[in-house]
file protein.cif (mmCIF, C-alpha atoms (C1' of nucleotides))
data_upload
loop_
_atom_site.group_PDB
_atom_site.id
_atom_site.type_symbol
_atom_site.label_atom_id
_atom_site.label_comp_id
_atom_site.auth_asym_id
_atom_site.auth_seq_id
_atom_site.Cartn_x
_atom_site.Cartn_y
_atom_site.Cartn_z
ATOM 1 C CA MET A 2 -23.618 9.373 -23.173
ATOM 2 C CA ARG A 3 -20.731 11.752 -23.529
ATOM 3 C CA ILE A 4 -19.311 13.956 -20.813
ATOM 4 C CA GLY A 5 -21.146 17.132 -21.762
ATOM 5 C CA GLU A 6 -24.490 15.402 -21.573
ATOM 6 C CA LEU A 7 -23.635 13.814 -18.247
ATOM 7 C CA ALA A 8 -22.604 17.206 -16.946
ATOM 8 C CA LYS A 9 -25.899 18.714 -18.012
ATOM 9 C CA GLN A 10 -28.030 15.949 -16.547
ATOM 10 C CA SER A 11 -26.169 15.662 -13.269
ATOM 11 C CA GLY A 12 -25.702 19.363 -12.815
ATOM 12 C CA VAL A 13 -21.955 19.451 -12.339
ATOM 13 C CA SER A 14 -19.196 20.797 -14.543
ATOM 14 C CA VAL A 15 -17.314 18.809 -17.146
ATOM 15 C CA ARG A 16 -14.137 19.568 -15.250
ATOM 16 C CA ALA A 17 -15.612 18.110 -12.080
ATOM 17 C CA LEU A 18 -16.545 14.902 -13.892
ATOM 18 C CA ARG A 19 -13.026 14.452 -15.214
ATOM 19 C CA TYR A 20 -11.779 15.092 -11.710
ATOM 20 C CA TYR A 21 -14.106 12.444 -10.287
ATOM 21 C CA GLU A 22 -12.820 9.941 -12.828
ATOM 22 C CA GLU A 23 -9.260 10.885 -11.962
ATOM 23 C CA GLN A 24 -10.061 10.143 -8.314
ATOM 24 C CA GLY A 25 -11.462 6.757 -9.182
ATOM 25 C CA LEU A 26 -15.100 7.617 -8.557
ATOM 26 C CA LEU A 27 -16.289 7.241 -12.135
ATOM 27 C CA GLU A 28 -15.473 4.843 -14.915
ATOM 28 C CA SER A 29 -15.981 5.249 -18.622
ATOM 29 C CA GLU A 30 -15.473 3.522 -21.923
ATOM 30 C CA ARG A 31 -13.619 5.324 -24.652
ATOM 31 C CA THR A 32 -14.676 5.798 -28.263
ATOM 32 C CA PRO A 33 -12.070 4.911 -30.910
ATOM 33 C CA GLY A 34 -11.335 8.624 -31.010
ATOM 34 C CA GLY A 35 -10.586 8.706 -27.297
ATOM 35 C CA GLN A 36 -13.724 10.379 -26.021
ATOM 36 C CA ARG A 37 -15.376 9.234 -22.803
ATOM 37 C CA GLU A 38 -18.614 7.303 -22.976
ATOM 38 C CA PHE A 39 -20.639 7.005 -19.766
ATOM 39 C CA GLU A 40 -23.517 4.733 -18.889
ATOM 40 C CA SER A 41 -26.760 6.478 -18.091
ATOM 41 C CA SER A 42 -26.543 5.194 -14.528
ATOM 42 C CA ALA A 43 -23.665 7.594 -14.057
ATOM 43 C CA VAL A 44 -26.160 10.421 -13.617
ATOM 44 C CA ASP A 45 -27.508 9.014 -10.362
ATOM 45 C CA ARG A 46 -24.035 8.114 -9.275
ATOM 46 C CA VAL A 47 -22.806 11.661 -9.698
ATOM 47 C CA ARG A 48 -25.829 13.026 -7.849
ATOM 48 C CA PHE A 49 -25.044 10.648 -5.046
ATOM 49 C CA PHE A 50 -21.515 12.012 -4.933
ATOM 50 C CA GLN A 51 -22.924 15.511 -4.681
ATOM 51 C CA THR A 52 -24.965 14.458 -1.693
ATOM 52 C CA LEU A 53 -21.924 13.001 -0.002
ATOM 53 C CA TYR A 54 -19.774 16.010 -0.850
ATOM 54 C CA ALA A 55 -22.436 18.279 0.597
ATOM 55 C CA ALA A 56 -22.274 16.218 3.771
ATOM 56 C CA GLY A 57 -18.597 16.954 4.043
ATOM 57 C CA LEU A 58 -17.069 13.741 2.724
ATOM 58 C CA SER A 59 -13.872 14.003 0.701
ATOM 59 C CA SER A 60 -13.213 12.366 -2.644
ATOM 60 C CA ARG A 61 -10.756 10.104 -0.914
ATOM 61 C CA ARG A 62 -13.341 8.993 1.616
ATOM 62 C CA ILE A 63 -15.962 8.435 -1.041
ATOM 63 C CA ALA A 64 -13.494 6.370 -3.041
ATOM 64 C CA GLU A 65 -12.882 4.231 0.038
ATOM 65 C CA LEU A 66 -16.591 3.724 0.565
ATOM 66 C CA LEU A 67 -17.303 2.897 -3.060
ATOM 67 C CA PRO A 68 -16.564 -0.829 -2.797
ATOM 68 C CA CYS A 69 -19.053 -1.014 0.075
ATOM 69 C CA ILE A 70 -21.594 0.834 -1.976
ATOM 70 C CA ASP A 71 -21.092 -1.081 -5.208
ATOM 71 C CA THR A 72 -20.663 -4.572 -3.886
ATOM 72 C CA GLY A 73 -22.802 -4.235 -0.782
ATOM 73 C CA GLY A 74 -19.890 -4.195 1.638
ATOM 74 C CA THR A 75 -19.753 -7.643 3.132
ATOM 75 C CA THR A 76 -16.356 -7.594 4.778
ATOM 76 C CA LYS A 77 -15.964 -6.509 8.366
ATOM 77 C CA GLU A 78 -13.661 -3.663 7.408
ATOM 78 C CA GLN A 79 -16.222 -2.309 5.001
ATOM 79 C CA GLN A 80 -18.992 -2.578 7.555
ATOM 80 C CA ALA A 81 -16.793 -0.753 10.038
ATOM 81 C CA MET A 82 -16.041 2.003 7.562
ATOM 82 C CA LEU A 83 -19.698 2.540 6.852
ATOM 83 C CA GLN A 84 -20.455 2.634 10.547
ATOM 84 C CA SER A 85 -17.694 5.093 11.356
ATOM 85 C CA GLU A 86 -18.778 7.348 8.549
ATOM 86 C CA ARG A 87 -22.307 7.267 9.845
ATOM 87 C CA GLU A 88 -21.067 8.261 13.256
ATOM 88 C CA ALA A 89 -19.001 11.048 11.749
ATOM 89 C CA LEU A 90 -22.149 12.337 10.082
ATOM 90 C CA ALA A 91 -23.995 12.197 13.376
ATOM 91 C CA HIS A 92 -21.159 14.146 14.948
ATOM 92 C CA ARG A 93 -21.303 16.806 12.272
ATOM 93 C CA MET A 94 -25.048 17.100 12.702
ATOM 94 C CA ALA A 95 -24.559 17.631 16.411
ATOM 95 C CA GLU A 96 -22.074 20.392 15.660
ATOM 96 C CA LEU A 97 -24.572 22.013 13.359
ATOM 97 C CA ARG A 98 -27.285 21.826 15.969
ATOM 98 C CA GLU A 99 -24.927 23.393 18.487
ATOM 99 C CA ALA A 100 -24.036 26.236 16.136
ATOM 100 C CA SER A 101 -27.660 26.678 15.253
ATOM 101 C CA ALA A 102 -28.614 26.942 18.901
ATOM 102 C CA ARG A 103 -25.879 29.504 19.560
ATOM 103 C CA LEU A 104 -27.030 31.562 16.584
ATOM 104 C CA ASP A 105 -30.573 31.396 17.851
ATOM 105 C CA GLU A 106 -29.414 32.807 21.149
ATOM 106 C CA VAL A 107 -27.868 35.731 19.330
ATOM 107 C CA ILE A 108 -31.008 36.222 17.293
ATOM 108 C CA THR A 109 -33.419 36.165 20.185
ATOM 109 C CA ALA A 110 -31.100 38.416 22.173
ATOM 110 C CA SER A 111 -30.987 40.943 19.353
ATOM 111 C CA LYS A 112 -34.747 40.807 18.943
ATOM 112 C CA ALA A 113 -35.255 41.413 22.637
ATOM 113 C CA ARG A 114 -32.927 44.378 22.421
ATOM 114 C CA SER A 115 -34.705 45.884 19.441
ATOM 115 C CA LEU A 116 -38.078 45.863 21.210
ATOM 116 C CA MET B 10 -3.177 36.368 29.090
ATOM 117 C CA ARG B 11 -0.643 35.827 26.376
ATOM 118 C CA ILE B 12 -1.188 33.944 23.161
ATOM 119 C CA GLY B 13 0.269 30.632 24.259
ATOM 120 C CA GLU B 14 -2.021 30.476 27.265
ATOM 121 C CA LEU B 15 -5.032 31.384 25.159
ATOM 122 C CA ALA B 16 -4.086 28.670 22.696
ATOM 123 C CA LYS B 17 -3.877 26.121 25.477
ATOM 124 C CA GLN B 18 -7.171 27.086 27.079
ATOM 125 C CA SER B 19 -9.138 27.385 23.875
ATOM 126 C CA GLY B 20 -7.599 24.342 22.256
ATOM 127 C CA VAL B 21 -6.414 25.913 19.021
ATOM 128 C CA SER B 22 -2.933 26.624 17.734
ATOM 129 C CA VAL B 23 -1.043 29.844 18.231
ATOM 130 C CA ARG B 24 -0.912 30.228 14.484
ATOM 131 C CA ALA B 25 -4.675 29.959 14.274
ATOM 132 C CA LEU B 26 -5.105 32.695 16.869
ATOM 133 C CA ARG B 27 -2.838 35.048 14.978
ATOM 134 C CA TYR B 28 -4.814 34.209 11.866
ATOM 135 C CA TYR B 29 -8.108 35.021 13.606
ATOM 136 C CA GLU B 30 -6.730 38.363 14.686
ATOM 137 C CA GLU B 31 -5.538 39.022 11.155
ATOM 138 C CA GLN B 32 -9.077 38.341 9.945
ATOM 139 C CA GLY B 33 -10.522 40.767 12.440
ATOM 140 C CA LEU B 34 -12.088 38.176 14.712
ATOM 141 C CA LEU B 35 -9.924 38.833 17.742
ATOM 142 C CA GLU B 36 -8.485 41.961 19.300
ATOM 143 C CA SER B 37 -5.583 42.311 21.666
ATOM 144 C CA GLU B 38 -3.558 44.848 23.573
ATOM 145 C CA ARG B 39 0.182 44.875 23.167
ATOM 146 C CA THR B 40 2.815 44.886 25.886
ATOM 147 C CA PRO B 41 5.559 47.522 25.588
ATOM 148 C CA GLY B 42 7.630 44.742 24.057
ATOM 149 C CA GLY B 43 5.044 44.099 21.352
ATOM 150 C CA GLN B 44 3.531 40.890 22.659
ATOM 151 C CA ARG B 45 -0.208 40.279 22.451
ATOM 152 C CA GLU B 46 -2.267 40.431 25.604
ATOM 153 C CA PHE B 47 -5.767 38.935 25.470
ATOM 154 C CA GLU B 48 -8.675 39.284 27.856
ATOM 155 C CA SER B 49 -9.803 36.096 29.498
ATOM 156 C CA SER B 50 -13.125 36.386 27.693
ATOM 157 C CA ALA B 51 -11.223 35.581 24.506
ATOM 158 C CA VAL B 52 -11.268 31.909 25.480
ATOM 159 C CA ASP B 53 -15.034 31.651 25.096
ATOM 160 C CA ARG B 54 -14.915 33.763 22.011
ATOM 161 C CA VAL B 55 -12.449 31.446 20.321
ATOM 162 C CA ARG B 56 -14.492 28.413 21.302
ATOM 163 C CA PHE B 57 -17.492 30.070 19.775
ATOM 164 C CA PHE B 58 -15.536 30.522 16.561
ATOM 165 C CA GLN B 59 -14.686 26.848 16.606
ATOM 166 C CA THR B 60 -18.363 26.032 16.826
ATOM 167 C CA LEU B 61 -19.150 28.251 13.868
ATOM 168 C CA TYR B 62 -16.221 26.914 11.860
ATOM 169 C CA ALA B 63 -17.392 23.397 12.536
ATOM 170 C CA ALA B 64 -20.766 24.397 11.199
ATOM 171 C CA GLY B 65 -19.177 25.422 7.948
ATOM 172 C CA LEU B 66 -18.990 29.189 8.330
ATOM 173 C CA SER B 67 -15.985 30.977 6.891
ATOM 174 C CA SER B 68 -13.820 33.530 8.662
ATOM 175 C CA ARG B 69 -15.231 36.151 6.360
ATOM 176 C CA ARG B 70 -18.780 35.229 7.272
ATOM 177 C CA ILE B 71 -17.996 35.164 10.968
ATOM 178 C CA ALA B 72 -16.393 38.571 10.685
ATOM 179 C CA GLU B 73 -19.547 39.870 9.059
ATOM 180 C CA LEU B 74 -21.694 38.443 11.814
ATOM 181 C CA LEU B 75 -19.504 39.747 14.615
ATOM 182 C CA PRO B 76 -21.113 43.177 14.872
ATOM 183 C CA CYS B 77 -24.472 41.438 15.263
ATOM 184 C CA ILE B 78 -23.036 39.230 17.945
ATOM 185 C CA ASP B 79 -21.140 41.904 19.838
ATOM 186 C CA THR B 80 -23.595 44.761 19.648
ATOM 187 C CA GLY B 81 -26.757 42.707 19.542
ATOM 188 C CA GLY B 82 -27.473 43.354 15.890
ATOM 189 C CA THR B 83 -30.187 45.936 15.846
ATOM 190 C CA THR B 84 -30.085 47.052 12.220
ATOM 191 C CA LYS B 85 -32.269 45.387 9.619
ATOM 192 C CA GLU B 86 -29.266 44.288 7.598
ATOM 193 C CA GLN B 87 -27.795 42.557 10.608
ATOM 194 C CA GLN B 88 -31.073 40.859 11.435
ATOM 195 C CA ALA B 89 -31.299 39.699 7.840
ATOM 196 C CA MET B 90 -27.762 38.320 7.906
ATOM 197 C CA LEU B 91 -28.450 36.365 11.054
ATOM 198 C CA GLN B 92 -31.633 34.987 9.561
ATOM 199 C CA SER B 93 -30.025 33.983 6.283
ATOM 200 C CA GLU B 94 -27.207 32.276 8.115
ATOM 201 C CA ARG B 95 -29.705 30.397 10.208
ATOM 202 C CA GLU B 96 -31.441 29.241 7.067
ATOM 203 C CA ALA B 97 -28.130 28.220 5.547
ATOM 204 C CA LEU B 98 -27.498 26.092 8.612
ATOM 205 C CA ALA B 99 -30.913 24.507 8.273
ATOM 206 C CA HIS B 100 -30.107 23.756 4.644
ATOM 207 C CA ARG B 101 -26.816 22.124 5.565
ATOM 208 C CA MET B 102 -28.547 20.045 8.192
ATOM 209 C CA ALA B 103 -31.029 18.840 5.605
ATOM 210 C CA GLU B 104 -28.154 17.847 3.346
ATOM 211 C CA LEU B 105 -26.593 15.923 6.193
ATOM 212 C CA ARG B 106 -29.859 14.133 6.931
ATOM 213 C CA GLU B 107 -30.138 13.236 3.260
ATOM 214 C CA ALA B 108 -26.612 11.856 3.136
ATOM 215 C CA SER B 109 -27.179 10.043 6.372
ATOM 216 C CA ALA B 110 -30.315 8.417 5.023
ATOM 217 C CA ARG B 111 -28.539 7.326 1.845
ATOM 218 C CA LEU B 112 -25.719 5.838 3.876
ATOM 219 C CA ASP B 113 -28.233 4.011 6.018
ATOM 220 C CA GLU B 114 -29.700 2.489 2.889
ATOM 221 C CA VAL B 115 -26.288 1.212 1.941
ATOM 222 C CA ILE B 116 -25.727 -0.137 5.428
ATOM 223 C CA THR B 117 -29.029 -1.958 5.730
ATOM 224 C CA ALA B 118 -28.618 -3.319 2.212
ATOM 225 C CA SER B 119 -25.191 -4.672 3.057
ATOM 226 C CA LYS B 120 -26.446 -6.179 6.282
ATOM 227 C CA ALA B 121 -29.277 -7.889 4.454
ATOM 228 C CA ARG B 122 -26.782 -9.270 1.978
ATOM 229 C CA SER B 123 -24.477 -10.599 4.644
ATOM 230 C CA LEU B 124 -27.245 -12.603 6.321
ATOM 231 C "C1'" DG C 26 -14.067 18.412 -47.279
ATOM 232 C "C1'" DT C 27 -14.653 21.863 -44.227
ATOM 233 C "C1'" DA C 28 -16.779 24.500 -40.480
ATOM 234 C "C1'" DG C 29 -17.230 24.519 -35.755
ATOM 235 C "C1'" DG C 30 -18.876 22.807 -31.463
ATOM 236 C "C1'" DA C 31 -17.634 19.030 -28.198
ATOM 237 C "C1'" DC C 32 -13.884 16.719 -26.468
ATOM 238 C "C1'" DC C 33 -8.927 15.594 -25.268
ATOM 239 C "C1'" DT C 34 -4.587 16.148 -22.199
ATOM 240 C "C1'" DG C 35 -1.591 18.796 -19.571
ATOM 241 C "C1'" DA C 36 -0.729 22.333 -16.523
ATOM 242 C "C1'" DC C 37 -1.090 26.512 -13.955
ATOM 243 C "C1'" DG C 38 -4.456 29.375 -10.933
ATOM 244 C "C1'" DC C 39 -7.379 29.907 -6.983
ATOM 245 C "C1'" DT C 40 -9.247 30.063 -2.008
ATOM 246 C "C1'" DA C 41 -9.297 28.883 2.951
ATOM 247 C "C1'" DA C 42 -7.245 27.952 7.173
ATOM 248 C "C1'" DC C 43 -3.812 27.244 8.848
ATOM 249 C "C1'" DG C 44 1.504 24.526 9.204
ATOM 250 C "C1'" DT C 45 6.067 25.471 9.164
ATOM 251 C "C1'" DC C 46 10.450 27.440 8.789
ATOM 252 C "C1'" DA C 47 13.719 31.569 9.277
ATOM 253 C "C1'" DG C 48 15.687 35.088 11.678
ATOM 254 C "C1'" DG C 49 15.229 38.170 15.332
ATOM 255 C "C1'" DT C 50 13.214 39.996 20.125
ATOM 256 C "C1'" DG C 51 10.886 39.892 25.000
ATOM 257 C "C1'" DC C 52 11.016 38.377 29.481
ATOM 258 C "C1'" DA C 53 11.353 35.815 33.903
ATOM 259 C "C1'" DA C 54 14.864 33.121 36.451
ATOM 260 C "C1'" DG C 55 19.222 32.277 38.469
ATOM 261 C "C1'" DC D 6 23.919 39.213 32.420
ATOM 262 C "C1'" DT D 7 23.050 35.251 30.204
ATOM 263 C "C1'" DT D 8 20.172 31.298 29.562
ATOM 264 C "C1'" DG D 9 16.271 29.744 27.235
ATOM 265 C "C1'" DC D 10 11.509 29.490 26.363
ATOM 266 C "C1'" DA D 11 7.700 32.313 24.574
ATOM 267 C "C1'" DC D 12 6.772 35.540 21.280
ATOM 268 C "C1'" DC D 13 7.293 38.510 17.069
ATOM 269 C "C1'" DT D 14 6.850 39.351 11.779
ATOM 270 C "C1'" DG D 15 7.218 37.885 7.240
ATOM 271 C "C1'" DA D 16 6.724 34.551 3.873
ATOM 272 C "C1'" DC D 17 6.487 30.232 1.561
ATOM 273 C "C1'" DG D 18 4.149 25.373 1.779
ATOM 274 C "C1'" DT D 19 -0.088 22.459 1.856
ATOM 275 C "C1'" DT D 20 -4.700 20.288 0.584
ATOM 276 C "C1'" DA D 21 -9.159 19.943 -1.968
ATOM 277 C "C1'" DG D 22 -12.043 20.633 -5.627
ATOM 278 C "C1'" DC D 23 -12.366 22.313 -9.081
ATOM 279 C "C1'" DG D 24 -11.782 26.940 -12.841
ATOM 280 C "C1'" DT D 25 -9.441 28.235 -16.666
ATOM 281 C "C1'" DC D 26 -6.448 28.681 -20.407
ATOM 282 C "C1'" DA D 27 -3.513 26.529 -24.284
ATOM 283 C "C1'" DG D 28 -2.985 23.844 -28.107
ATOM 284 C "C1'" DG D 29 -4.603 20.061 -30.517
ATOM 285 C "C1'" DT D 30 -8.263 16.291 -32.036
ATOM 286 C "C1'" DC D 31 -13.025 14.249 -32.935
ATOM 287 C "C1'" DC D 32 -17.393 14.215 -34.932
ATOM 288 C "C1'" DT D 33 -21.583 15.734 -36.996
ATOM 289 C "C1'" DA D 34 -23.627 18.507 -40.446
ATOM 290 C "C1'" DC D 35 -23.792 20.799 -44.630
#

call {"tool": "encode", "arguments": {"input": "protein.cif", "output": "structure tokens"}}
result
Amino acid sequence: MRIGELAKQSGVSVRALRYYEEQGLLESERTPGGQREFESSAVDRVRFFQTLYAAGLSSRRIAELLPCIDTGGTTKEQQAMLQSEREALAHRMAELREASARLDEVITASKARSL
Amino acid sequence: MRIGELAKQSGVSVRALRYYEEQGLLESERTPGGQREFESSAVDRVRFFQTLYAAGLSSRRIAELLPCIDTGGTTKEQQAMLQSEREALAHRMAELREASARLDEVITASKARSL
DNA sequence: GTAGGACCTGACGCTAACGTCAGGTGCAAG
DNA sequence: CTTGCACCTGACGTTAGCGTCAGGTCCTAC
């Protein structure tokens, strides 16, 4: 499939897709005319990237994790990277919970005041 | 207290504090010589900002929420803003859980492969 | 063979949250 | 009164993840 179709199916912009390729996250064949040709599996891949981006990972970090993801990450370094990223996620979730709790305090306080 | 002391106690840079003030998040008196003088309560306030920043809120958003936080947010608009921000946090947490789950898949898959 | 939509490669623009000079002032100590 | 560190106000630099032209090519259809 070509880039426009991939964009439509994965829900990101064409520009974003070219950027992902530039960062080494996506690969593509080229037609004789020079246009990108993606495999259909790229759709899921891009959606996966979106999930990771939403979780706060950078392109750089995703690119580092890709070998682990694609090959199954058998080296110790890869295992360690996956682990540390998991811990980072846990940390971020804790921060969110903290912020959420603090906001709740404000909310309940304001409700009490408006009674 | 002066800005350097506040920076030390709250754990952020002097530049960041001036930025917060610029964005309307912090207030300060001025000495005759023009130097900022903060109340000691500013320490907690700044830490609170850090919590919200960590949760993904922008300065702009925090500034919007401030009246709710300071005055107790009694208007309907303020209540609505607090609610919507709470929901946004819940959404972000769901995204994190999703990403975390996907990463776990990768991790368990790689462990299985390395056996 | 030609219209025109999809695609191409630069390359500059944008926002947020500061970092980092530069050049000048305040202030507490000796 | 002079160090000398803390502080001041601009103002430009930085990073990420794209948005958005500009100017030119590909490809499919008629």

call {"tool": "resolve_selection", "arguments": {"input": "protein.cif", "expression": "the PyMOL selection byres ((chain A) within 9 of (chain B))", "output": "JSON, numbers by chain"}}
result
{"A": [49, 52, 53, 54, 55, 56, 57, 69, 70, 72, 73, 74, 75, 76, 80, 83, 84, 86, 87, 90, 91, 93, 94, 96, 97, 98, 99, 100, 101, 103, 104, 105, 107, 108, 110, 111, 112, 114, 115]}

call {"tool": "interface_residues", "arguments": {"input": "protein.cif", "of": "chain A", "to": "chain D", "cutoff": "8 Å", "atoms": "all atoms listed in the file", "output": "short mmCIF file (atom, residue, chain, number, x, y, z; two decimals) with C-alpha atoms, in the coordinates of the input"}}
result
data_model
loop_
_atom_site.label_atom_id
_atom_site.label_comp_id
_atom_site.auth_asym_id
_atom_site.auth_seq_id
_atom_site.Cartn_x
_atom_site.Cartn_y
_atom_site.Cartn_z
CA ARG A 16 -14.14 19.57 -15.25
CA ALA A 17 -15.61 18.11 -12.08
CA TYR A 20 -11.78 15.09 -11.71
CA GLY A 34 -11.34 8.62 -31.01
CA GLN A 36 -13.72 10.38 -26.02
#

call {"tool": "resolve_selection", "arguments": {"input": "protein.cif", "expression": "the PyMOL selection byres ((chain C and resi 31) around 10)", "output": "NGL selection string"}}
result
(:A and (3-5 or 36)) or (:C and (29-30 or 32-33)) or (:D and (31-32))

call {"tool": "closest_residue", "arguments": {"input": "protein.cif", "among": "B:Ser93, B:Ser68, B:Ser37, B:Ser49", "to": "chain C", "atoms": "all atoms listed in the file"}}
result
B:Ser68

call {"tool": "atom_distance", "arguments": {"input": "protein.cif", "atom1": "CA of Glu38 in chain A", "atom2": "CA of Ile63 in chain A"}}
result
22.1 Å

call {"tool": "closest_atom_pairs", "arguments": {"input": "protein.cif", "of": "chain C", "to": "chain B", "cutoff": "8 Å", "atoms": "all atoms listed in the file", "output": "Markdown table"}}
result
| residue | atom | partner | partner_atom | distance |
| --- | --- | --- | --- | --- |
| C:DA42 | C1' | B:Ala25 | CA | 7.8 |
| C:DC43 | C1' | B:Ala25 | CA | 6.1 |
| C:DG51 | C1' | B:Gly42 | CA | 5.9 |

call {"tool": "atom_distance", "arguments": {"input": "protein.cif", "atom1": "CA of Glu86 in chain B", "atom2": "CA of Arg70 in chain B"}}
result
13.9 Å

call {"tool": "axis_aligned_box", "arguments": {"input": "protein.cif", "around": "range 6-14 of chain D", "padding_each_side": "4 Å", "output": "JSON"}}
result
{"center_x": 15.3, "center_y": 34.4, "center_z": 22.1, "size_x": 25.1, "size_y": 17.9, "size_z": 28.6}

call {"tool": "atom_distance", "arguments": {"input": "protein.cif", "atom1": "CA of Ala43 in chain A", "atom2": "CA of Glu23 in chain A"}}
result
14.9 Å

call {"tool": "closest_residue", "arguments": {"input": "protein.cif", "among": "A:Val44, A:Leu26, A:Ala81, A:Leu67", "to": "Gly12 in chain A", "atoms": "all atoms listed in the file"}}
result
A:Val44
